[in-house]
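Contents: one structure, followed by commentary.
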Amino acid sequence: MSENIKNKVVVITGASSGLGEATARHLAAQGATVVLGARRADRIEALAAELTAAGHNAFAVSTDVTERAQVKNLVDTAVKEYGRVDVVLNNAGLMPLAPLERLKIDEWDRMIDVNIKGVLYGIAAALPHMQAQKSGHIINVSSVYGHVVDPGATVYCATKHAVRAISEGLRKEAKPYNIRTTTISPGAVSTELLEHISEKDIQEGTKEFVSKIAIGPGTFARAVAFAINEPDDVDINEILFRPTLQPV
């Protein structure tokens, strides 16, 4: 299962918890070198130390994905340390849900900065290296909310629709360079993302809903591994978790 993962250099944003942390653990266990980026330096440094102590290859770089220079530094550091970058997982995201009428404009701005610009900055950091290598794989995290729109989630849905559009454009433009592109659209996942919901009534209702149907971060990690493990000439365009929460 891990034949095409072993020895790959994988950069992961949002690696301090949830989907990113689970994916780092899963890929490291299959022989990948994981380069961890997140704002919470203490968490990714502890994770890198834990993985290294277990005999895996891991490196932590404090990174705020809303700062283009920091994302570039994350990817450049991976190349400096390991000679190349094989995979970039643009995973960092926020989900502070609220109806538009509550005018949570600061939250809208923050979601746009993290969920859209953060993905674009990851692409911008990776593309020059991957073009020079004539190989690479960029995995962007959208959501089931990138396929539908529900009340109270309008801006979040818009950001995740944007991720899908960016990913499809990248897929078409990057093919001549042998760069693969995958979009992963998970459904409800039990992670710290729910803590970003500042409106308590919505947070409580969302937590109750998620508790009934949520998948664990490990399922997402296995979807990432599935995409990476495919032969280099196979482009997995999108992995969508249906309402049944089974990847197809």
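Chains: A, B, ... in order of the structure tokens. Residues: from 1 per chain. Ligands: from 1, in order shown.
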Compile a residue-level contact table for range 98-188 of chain A against range 1-12 of chain A at a cut-off of 10 Å, reporting for every qualifying residue the shortest atom pair and its distance in Å to one decimal, with only C-alpha atoms counted, rows ordered by chain and ascending number, as a Markdown table.
| residue | atom | partner | partner_atom | distance |
| --- | --- | --- | --- | --- |
| A:Gly122 | CA | A:Val11 | CA | 9.5 |
| A:Ala126 | CA | A:Val11 | CA | 9.5 |
| A:Gly136 | CA | A:Val9 | CA | 9.9 |
| A:His137 | CA | A:Val10 | CA | 9.2 |
| A:Ile138 | CA | A:Val11 | CA | 9.6 |
| A:Ile139 | CA | A:Ile12 | CA | 9.6 |
For the selection you just gave me, I'd like the residues written to a file as an mmCIF file, in the first residue's frame, keeping N, CA, C and O atoms.
data_model
loop_
_atom_site.group_PDB
_atom_site.id
_atom_site.type_symbol
_atom_site.label_atom_id
_atom_site.label_comp_id
_atom_site.auth_asym_id
_atom_site.auth_seq_id
_atom_site.Cartn_x
_atom_site.Cartn_y
_atom_site.Cartn_z
ATOM 1 N N GLY A 122 0.261 28.269 -0.920
ATOM 2 C CA GLY A 122 0.886 26.950 -0.970
ATOM 3 C C GLY A 122 1.233 26.545 -2.391
ATOM 4 O O GLY A 122 2.304 25.991 -2.662
ATOM 5 N N ALA A 126 5.030 26.006 -4.048
ATOM 6 C CA ALA A 126 5.411 24.688 -4.565
ATOM 7 C C ALA A 126 5.703 24.676 -6.058
ATOM 8 O O ALA A 126 6.590 23.941 -6.521
ATOM 9 N N GLY A 136 5.600 16.317 -9.139
ATOM 10 C CA GLY A 136 5.043 16.832 -7.893
ATOM 11 C C GLY A 136 3.563 16.534 -7.800
ATOM 12 O O GLY A 136 2.927 16.096 -8.769
ATOM 13 N N HIS A 137 3.035 16.765 -6.630
ATOM 14 C CA HIS A 137 1.624 16.469 -6.365
ATOM 15 C C HIS A 137 1.115 17.508 -5.371
ATOM 16 O O HIS A 137 1.660 17.643 -4.267
ATOM 17 N N ILE A 138 0.108 18.259 -5.760
ATOM 18 C CA ILE A 138 -0.511 19.258 -4.889
ATOM 19 C C ILE A 138 -1.902 18.766 -4.517
ATOM 20 O O ILE A 138 -2.726 18.492 -5.396
ATOM 21 N N ILE A 139 -2.147 18.644 -3.216
ATOM 22 C CA ILE A 139 -3.433 18.173 -2.707
ATOM 23 C C ILE A 139 -4.081 19.316 -1.938
ATOM 24 O O ILE A 139 -3.519 19.829 -0.957
#
task = Please identify which residues in range 81-238 of chain A DSSP calls helix (DSSP H, G or I) from the backbone, and express them as a PyMOL selection string.
result = chain A and resi 81-82+100-102+105-133+144-146+154-177+192-196+200-213+217-229
key: Length of the CA of Gly55 in chain A to CA of Gly20 in chain A vector [Å]   = 19.5 Å
request  = Show which residues sit within 8 Å of Asp64 in chain A, as a list in words. Count only C-alpha atoms, and ignore same-chain residues fewer than 6 positions away.
outcome  = Gly37, Ala38, Arg39, Gln70 and Val71 of chain A
request  = Run DSSP on the backbone of this structure and report the residues of range 18-243 of chain A it assigns to strand (DSSP E or B), as a PyMOL selection string.
outcome  = chain A and resi 33-38+57-62+87-90+136-141+179-185+189+215+238-241
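Minimum distance to Asp109 in chain A across A:Leu94, A:Ala41, A:Ala162, A:Ala22 (counting only C-alpha atoms) occurs at A:Leu94.
We find CA of Asp106 in chain A and CA of Leu36 in chain A to be spaced 27.3 Å apart.
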inquiry  = Quick one: residues within 8 Å of Thr181 in chain A, only C-alpha atoms, excluding same-chain residues fewer than 3 positions away - as a list in words?
reply    = His137, Ile138, Ile139, Asn140, Ser167, Glu168, Leu170, Arg171, Asp235, Ile236 and Asn237 of chain A
Same residues, N, CA and C atoms, output as a PDB file, in the first residue's frame:
ATOM      1  N   HIS A 137       3.035  16.765  -6.630  1.00  0.00           N
ATOM      2  CA  HIS A 137       1.624  16.469  -6.365  1.00  0.00           C
ATOM      3  C   HIS A 137       1.115  17.508  -5.371  1.00  0.00           C
ATOM      4  N   ILE A 138       0.108  18.259  -5.760  1.00  0.00           N
ATOM      5  CA  ILE A 138      -0.511  19.258  -4.889  1.00  0.00           C
ATOM      6  C   ILE A 138      -1.902  18.766  -4.517  1.00  0.00           C
ATOM      7  N   ILE A 139      -2.147  18.644  -3.216  1.00  0.00           N
ATOM      8  CA  ILE A 139      -3.433  18.173  -2.707  1.00  0.00           C
ATOM      9  C   ILE A 139      -4.081  19.316  -1.938  1.00  0.00           C
ATOM     10  N   ASN A 140      -5.244  19.731  -2.376  1.00  0.00           N
ATOM     11  CA  ASN A 140      -5.977  20.820  -1.728  1.00  0.00           C
ATOM     12  C   ASN A 140      -7.212  20.276  -1.025  1.00  0.00           C
ATOM     13  N   SER A 167      -8.267  24.345  -7.818  1.00  0.00           N
ATOM     14  CA  SER A 167      -7.652  23.037  -8.027  1.00  0.00           C
ATOM     15  C   SER A 167      -7.850  22.547  -9.455  1.00  0.00           C
ATOM     16  N   GLU A 168      -9.041  22.750  -9.993  1.00  0.00           N
ATOM     17  CA  GLU A 168      -9.312  22.297 -11.355  1.00  0.00           C
ATOM     18  C   GLU A 168      -8.496  23.107 -12.366  1.00  0.00           C
ATOM     19  N   LEU A 170      -5.623  24.542 -11.720  1.00  0.00           N
ATOM     20  CA  LEU A 170      -4.245  24.087 -11.544  1.00  0.00           C
ATOM     21  C   LEU A 170      -4.017  22.761 -12.242  1.00  0.00           C
ATOM     22  N   ARG A 171      -4.959  21.841 -12.108  1.00  0.00           N
ATOM     23  CA  ARG A 171      -4.826  20.530 -12.737  1.00  0.00           C
ATOM     24  C   ARG A 171      -4.621  20.668 -14.236  1.00  0.00           C
ATOM     25  N   ASP A 235      -3.662  10.621 -12.276  1.00  0.00           N
ATOM     26  CA  ASP A 235      -4.114  11.844 -11.622  1.00  0.00           C
ATOM     27  C   ASP A 235      -5.452  11.597 -10.945  1.00  0.00           C
ATOM     28  N   ILE A 236      -5.443  11.535  -9.614  1.00  0.00           N
ATOM     29  CA  ILE A 236      -6.693  11.423  -8.852  1.00  0.00           C
ATOM     30  C   ILE A 236      -7.248  12.835  -8.722  1.00  0.00           C
ATOM     31  N   ASN A 237      -8.240  13.164  -9.515  1.00  0.00           N
ATOM     32  CA  ASN A 237      -8.709  14.544  -9.572  1.00  0.00           C
ATOM     33  C   ASN A 237      -9.453  14.956  -8.311  1.00  0.00           C
TER      34      ASN A 237
END
Residues of range 69-158 of chain A within 12 Å of range 15-18 of chain A: nearest atom pair and distance (Å, one decimal) for each, counting only C-alpha atoms, sorted by chain and number, as a Markdown table?
| residue | atom | partner | partner_atom | distance |
| --- | --- | --- | --- | --- |
| A:Val88 | CA | A:Ala15 | CA | 11.9 |
| A:Leu89 | CA | A:Ala15 | CA | 9.7 |
| A:Asn90 | CA | A:Ala15 | CA | 9.9 |
| A:Asn91 | CA | A:Ala15 | CA | 7.9 |
| A:Ala92 | CA | A:Ala15 | CA | 7.7 |
| A:Gly93 | CA | A:Gly18 | CA | 10.7 |
| A:Leu94 | CA | A:Gly18 | CA | 11.9 |
inquiry  = Quick one: residues within 12 Å of Pro128 in chain A, only C-alpha atoms, excluding same-chain residues fewer than 5 positions away - as a list in words?
reply    = Lys72, Val75, Asp76, Val79, Arg84, Val85, Gly122, Ile123, Gln133, Lys134, Ser135, Gly136, Ala174, Tyr177 and Ile179 of chain A
Write the residues of the preceding selection, restricted to N, CA, C and O atoms, as a JSON list (two decimals), in the first residue's frame.
[["chain", "number", "residue", "atom", "x", "y", "z"],
["A", 72, "LYS", "N", 6.14, 30.28, 1.70],
["A", 72, "LYS", "CA", 7.29, 30.06, 0.82],
["A", 72, "LYS", "C", 8.46, 29.49, 1.61],
["A", 72, "LYS", "O", 9.15, 28.56, 1.16],
["A", 75, "VAL", "N", 8.02, 25.67, 2.30],
["A", 75, "VAL", "CA", 8.34, 24.79, 1.17],
["A", 75, "VAL", "C", 9.83, 24.87, 0.83],
["A", 75, "VAL", "O", 10.48, 23.85, 0.57],
["A", 76, "ASP", "N", 10.39, 26.08, 0.84],
["A", 76, "ASP", "CA", 11.81, 26.23, 0.54],
["A", 76, "ASP", "C", 12.67, 25.48, 1.56],
["A", 76, "ASP", "O", 13.71, 24.90, 1.20],
["A", 79, "VAL", "N", 12.79, 21.83, 0.71],
["A", 79, "VAL", "CA", 13.72, 21.57, -0.40],
["A", 79, "VAL", "C", 15.16, 21.69, 0.07],
["A", 79, "VAL", "O", 16.03, 20.89, -0.30],
["A", 84, "ARG", "N", 14.19, 18.22, -2.32],
["A", 84, "ARG", "CA", 13.04, 18.29, -3.23],
["A", 84, "ARG", "C", 11.76, 18.39, -2.39],
["A", 84, "ARG", "O", 11.79, 18.22, -1.18],
["A", 85, "VAL", "N", 10.65, 18.60, -3.06],
["A", 85, "VAL", "CA", 9.34, 18.50, -2.43],
["A", 85, "VAL", "C", 8.46, 17.70, -3.38],
["A", 85, "VAL", "O", 8.30, 18.05, -4.55],
["A", 122, "GLY", "N", 0.26, 28.27, -0.92],
["A", 122, "GLY", "CA", 0.89, 26.95, -0.97],
["A", 122, "GLY", "C", 1.23, 26.55, -2.39],
["A", 122, "GLY", "O", 2.30, 25.99, -2.66],
["A", 123, "ILE", "N", 0.31, 26.82, -3.30],
["A", 123, "ILE", "CA", 0.56, 26.53, -4.72],
["A", 123, "ILE", "C", 1.72, 27.36, -5.23],
["A", 123, "ILE", "O", 2.63, 26.86, -5.91],
["A", 133, "GLN", "N", 11.52, 20.29, -11.12],
["A", 133, "GLN", "CA", 11.67, 18.84, -10.96],
["A", 133, "GLN", "C", 11.00, 18.05, -12.06],
["A", 133, "GLN", "O", 11.30, 16.89, -12.29],
["A", 134, "LYS", "N", 10.01, 18.70, -12.72],
["A", 134, "LYS", "CA", 9.11, 18.03, -13.66],
["A", 134, "LYS", "C", 8.33, 16.92, -12.97],
["A", 134, "LYS", "O", 8.01, 15.89, -13.55],
["A", 135, "SER", "N", 7.98, 17.17, -11.70],
["A", 135, "SER", "CA", 7.17, 16.20, -10.96],
["A", 135, "SER", "C", 6.66, 16.87, -9.69],
["A", 135, "SER", "O", 7.23, 17.86, -9.21],
["A", 136, "GLY", "N", 5.60, 16.32, -9.14],
["A", 136, "GLY", "CA", 5.04, 16.83, -7.89],
["A", 136, "GLY", "C", 3.56, 16.53, -7.80],
["A", 136, "GLY", "O", 2.93, 16.10, -8.77],
["A", 174, "ALA", "N", -1.06, 22.56, -14.91],
["A", 174, "ALA", "CA", 0.19, 21.97, -14.44],
["A", 174, "ALA", "C", 0.53, 20.63, -15.09],
["A", 174, "ALA", "O", 1.63, 20.12, -14.90],
["A", 177, "TYR", "N", 3.83, 19.83, -16.80],
["A", 177, "TYR", "CA", 5.01, 19.70, -15.94],
["A", 177, "TYR", "C", 5.00, 18.40, -15.13],
["A", 177, "TYR", "O", 5.80, 18.22, -14.21],
["A", 179, "ILE", "N", 2.82, 17.51, -13.00],
["A", 179, "ILE", "CA", 2.37, 17.82, -11.64],
["A", 179, "ILE", "C", 0.93, 17.33, -11.50],
["A", 179, "ILE", "O", 0.06, 17.70, -12.28]]
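With distances restricted to only C-alpha atoms, A:Phe59 is the closest residue to Tyr82 in chain A from A:Gln131, A:Phe59, A:Leu27, A:Lys104.
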Tell me which protein, DNA and RNA residues are within 7 Å of range 149-159 of chain A, counting only C-alpha atoms, leaving out same-chain ones fewer than 6 positions away, and put them as a CSV table (one decimal) with all heavy atoms, in the first residue's frame.
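Everything below was put into out_2.csv:
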chain,number,residue,atom,x,y,z
A,95,MET,N,-13.5,27.4,9.9
A,95,MET,CA,-14.9,27.2,9.7
A,95,MET,C,-15.8,27.9,10.7
A,95,MET,O,-16.6,27.3,11.5
A,95,MET,CB,-15.3,25.7,9.6
A,95,MET,CG,-16.7,25.4,9.1
A,95,MET,SD,-17.1,23.6,9.2
A,95,MET,CE,-17.3,23.4,10.9
A,97,LEU,N,-18.8,29.4,11.3
A,97,LEU,CA,-20.1,29.5,10.7
A,97,LEU,C,-21.0,30.6,11.4
A,97,LEU,O,-21.0,30.7,12.6
A,97,LEU,CB,-20.9,28.1,10.8
A,97,LEU,CG,-20.1,26.9,10.2
A,97,LEU,CD1,-21.0,25.7,10.4
A,97,LEU,CD2,-19.7,27.1,8.8
A,98,ALA,N,-21.8,31.2,10.6
A,98,ALA,CA,-22.8,32.2,11.0
A,98,ALA,C,-23.6,32.7,9.9
A,98,ALA,O,-23.1,32.8,8.8
A,98,ALA,CB,-22.1,33.4,11.7
A,99,PRO,N,-24.9,33.0,10.1
A,99,PRO,CA,-25.7,33.5,9.0
A,99,PRO,C,-25.2,34.9,8.5
A,99,PRO,O,-24.6,35.6,9.3
A,99,PRO,CB,-27.1,33.7,9.7
A,99,PRO,CG,-27.1,32.8,10.8
A,99,PRO,CD,-25.7,32.7,11.3
A,100,LEU,N,-25.3,35.2,7.3
A,100,LEU,CA,-24.8,36.4,6.7
A,100,LEU,C,-25.4,37.6,7.5
A,100,LEU,O,-24.6,38.6,7.7
A,100,LEU,CB,-25.2,36.6,5.3
A,100,LEU,CG,-24.5,35.6,4.3
A,100,LEU,CD1,-25.1,35.8,2.9
A,100,LEU,CD2,-23.0,35.9,4.3
A,108,TRP,N,-15.4,36.5,7.9
A,108,TRP,CA,-15.3,36.4,6.5
A,108,TRP,C,-13.9,36.6,6.0
A,108,TRP,O,-13.4,35.8,5.2
A,108,TRP,CB,-16.3,37.3,5.8
A,108,TRP,CG,-17.7,37.2,6.2
A,108,TRP,CD1,-18.3,36.3,7.0
A,108,TRP,CD2,-18.8,38.2,5.8
A,108,TRP,NE1,-19.7,36.6,7.1
A,108,TRP,CE2,-20.0,37.7,6.4
A,108,TRP,CE3,-18.8,39.3,5.0
A,108,TRP,CZ2,-21.2,38.4,6.2
A,108,TRP,CZ3,-20.0,40.0,4.9
A,108,TRP,CH2,-21.2,39.5,5.5
A,111,MET,N,-11.6,33.8,6.9
A,111,MET,CA,-11.8,32.6,6.1
A,111,MET,C,-11.2,32.7,4.7
A,111,MET,O,-10.6,31.8,4.2
A,111,MET,CB,-13.3,32.2,6.1
A,111,MET,CG,-13.8,31.4,7.2
A,111,MET,SD,-15.4,30.7,6.9
A,111,MET,CE,-16.4,32.2,7.2
A,112,ILE,N,-11.4,33.9,4.1
A,112,ILE,CA,-10.8,34.1,2.8
A,112,ILE,C,-9.3,34.1,2.9
A,112,ILE,O,-8.7,33.5,2.0
A,112,ILE,CB,-11.3,35.5,2.3
A,112,ILE,CG1,-12.8,35.4,1.9
A,112,ILE,CG2,-10.5,35.9,1.0
A,112,ILE,CD1,-13.5,36.7,1.7
A,115,ASN,N,-8.5,30.0,4.0
A,115,ASN,CA,-9.1,29.0,3.2
A,115,ASN,C,-8.8,29.1,1.7
A,115,ASN,O,-8.7,28.1,1.0
A,115,ASN,CB,-10.6,28.8,3.4
A,115,ASN,CG,-11.0,28.5,4.8
A,115,ASN,OD1,-10.1,28.3,5.6
A,115,ASN,ND2,-12.3,28.4,5.0
A,116,ILE,N,-8.7,30.4,1.2
A,116,ILE,CA,-8.4,30.6,-0.2
A,116,ILE,C,-7.0,31.1,-0.4
A,116,ILE,O,-6.2,30.4,-1.1
A,116,ILE,CB,-9.4,31.7,-0.8
A,116,ILE,CG1,-10.8,31.2,-0.6
A,116,ILE,CG2,-9.1,31.9,-2.3
A,116,ILE,CD1,-11.9,32.2,-1.2
query = With distances taken over only C-alpha atoms, which of A:Met130, A:Leu120, A:Ala225, A:Ala48 is nearest to Ile184 in chain A?
reply = A:Ala225
